[in-house]
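So the structure is just underneath, and the comments pick up after that.
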Amino acid sequence: MATPLAATVVVASASSADRSWLRRILEASGEYLVVDEATDGVQAIDQVVRHLPDALVIDLPIAPLSGVEVIPSVRSRSPGTAVVLLAEPSMEAALRVGRWLGAMGSITRQESAERIRSTVRAACSVSAATAPAALTASAAVQGTPGLR
């Protein structure tokens, strides 16, 4: 029986501890391969374009581009890459904008390893073509107060 290929993931966070933590959780199951890490939003876009991963897990408050600001670029340059936002529950307004722009899921640091893996799994299984307004919403980010 053939072993299924691991889903590829880019992890982006300014925190090296968060990047290492996410890598450990995702790779522990053998279901995911973290192909690269990014320390900011610009680097995250570059890594996605380079690797065309199945998923990008990105910290919402990353700078200089926030996780929300990264979504339109990722969706247009790598439509098959699912975006999963790492956020705190108090960031609900930004998460709503992220979902509107095409994020396929969100996770918090308080969730179990299995919940994190299942969220990334579900995000990867959603067709890129079904993301709401993902390819037409980039102009909205430019004009949204607080996102620049």
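Residues are named by chain letter and number: chains run A, B, ... in the order of the structure tokens, numbers start at 1 in each chain, and ligands are numbered from 1 in the order shown.
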I'd like the contact shell of Ile25 of chain A - 9 Å cut-off, only C-alpha atoms, skipping same-chain residues fewer than 4 positions apart - returned as a list in words.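 Once the adjacent positions are removed, what remains is Ser20, Trp21, Ser29, Ala113, Glu114, Ile116 and Arg117 of chain A.
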Could you write those residues out with C-alpha atoms, as a PDB file, in the first residue's frame?
ATOM      1  CA  SER A  20       8.926  25.639  16.241  1.00  0.00           C
ATOM      2  CA  TRP A  21       5.765  24.718  18.164  1.00  0.00           C
ATOM      3  CA  SER A  29       1.580  13.088  12.754  1.00  0.00           C
ATOM      4  CA  ALA A 113      -2.454  19.492  18.736  1.00  0.00           C
ATOM      5  CA  GLU A 114      -5.170  17.340  17.152  1.00  0.00           C
ATOM      6  CA  ILE A 116      -4.741  22.311  15.085  1.00  0.00           C
ATOM      7  CA  ARG A 117      -3.981  19.435  12.709  1.00  0.00           C
TER       8      ARG A 117
END
Have a look at A:Ala44, A:Val97, A:Met91, A:Val11 and name the one nearest to Pro64 of chain A; count only C-alpha atoms. A:Ala44
Just want the 8 Å neighbourhood of Ile45 of chain A, counted on only C-alpha atoms, with same-chain residues fewer than 5 positions away dropped. Output as a PyMOL selection string. chain A and resi 70+73-74
Expected file: the selected residues, N, CA and C atoms, as a PDB file, in the first residue's frame:
ATOM      1  N   VAL A  70      -1.923  39.558   4.050  1.00  0.00           N
ATOM      2  CA  VAL A  70      -1.221  38.587   3.224  1.00  0.00           C
ATOM      3  C   VAL A  70      -2.189  37.763   2.368  1.00  0.00           C
ATOM      4  N   SER A  73      -2.723  38.382  -1.560  1.00  0.00           N
ATOM      5  CA  SER A  73      -1.535  38.041  -2.353  1.00  0.00           C
ATOM      6  C   SER A  73      -1.367  36.535  -2.468  1.00  0.00           C
ATOM      7  N   VAL A  74      -1.558  35.836  -1.372  1.00  0.00           N
ATOM      8  CA  VAL A  74      -1.431  34.380  -1.400  1.00  0.00           C
ATOM      9  C   VAL A  74      -2.499  33.782  -2.299  1.00  0.00           C
TER      10      VAL A  74
END
For Ala6 of chain A, which of A:Ile71, A:Cys124, A:Val48, A:Leu101 is the closest residue, counting only C-alpha atoms? A:Cys124
Within 12 Å of segment 32-36 of chain A: each segment 55-82 of chain A residue with its shortest pair, only C-alpha atoms, as a Markdown table:
| residue | atom | partner | partner_atom | distance |
| --- | --- | --- | --- | --- |
| A:Ala55 | CA | A:Val34 | CA | 9.4 |
| A:Leu56 | CA | A:Val34 | CA | 9.5 |
| A:Val57 | CA | A:Val34 | CA | 10.0 |
Go ahead and dump the residues you just picked, N, CA and C atoms, as a tab-separated table (two decimals), in the first residue's frame.
chain	number	residue	atom	x	y	z
A	55	ALA	N	-0.79	24.59	2.42
A	55	ALA	CA	-1.32	25.51	3.44
A	55	ALA	C	-0.26	26.49	3.90
A	56	LEU	N	-0.73	27.67	4.29
A	56	LEU	CA	0.06	28.67	4.99
A	56	LEU	C	-0.60	28.88	6.33
A	57	VAL	N	0.13	28.63	7.41
A	57	VAL	CA	-0.36	28.94	8.75
A	57	VAL	C	0.38	30.19	9.17
Taking only chain A into account, list the residues labelled alpha helix (DSSP H) by DSSP (computed from the backbone), as a PyMOL selection string. chain A and resi 16-28+41-51+67-77+92-101+113-125+138-143
Using DSSP assignments from the backbone, pull out every residue in chain A that falls under strand (DSSP E or B) and give it to me as number ranges by chain. A: 7-12, 32-38, 55-59, 82-86, 105-107
Å distance separating atom CA of Glu69 of chain A from atom CA of Ser13 of chain A, one decimal place: 14.0 Å
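Using only C-alpha atoms, the shortest contact distance between Asp59 of chain A and any of A:Ala87, A:Leu95, A:Ala82, A:Ala7 is found at A:Ala87.
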Between A:Ala12, A:Leu22, A:Leu86, A:Ala94, which is the closest to Val68 of chain A once you count only C-alpha atoms?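 The closest residue to Val68 of chain A is A:Ala94.
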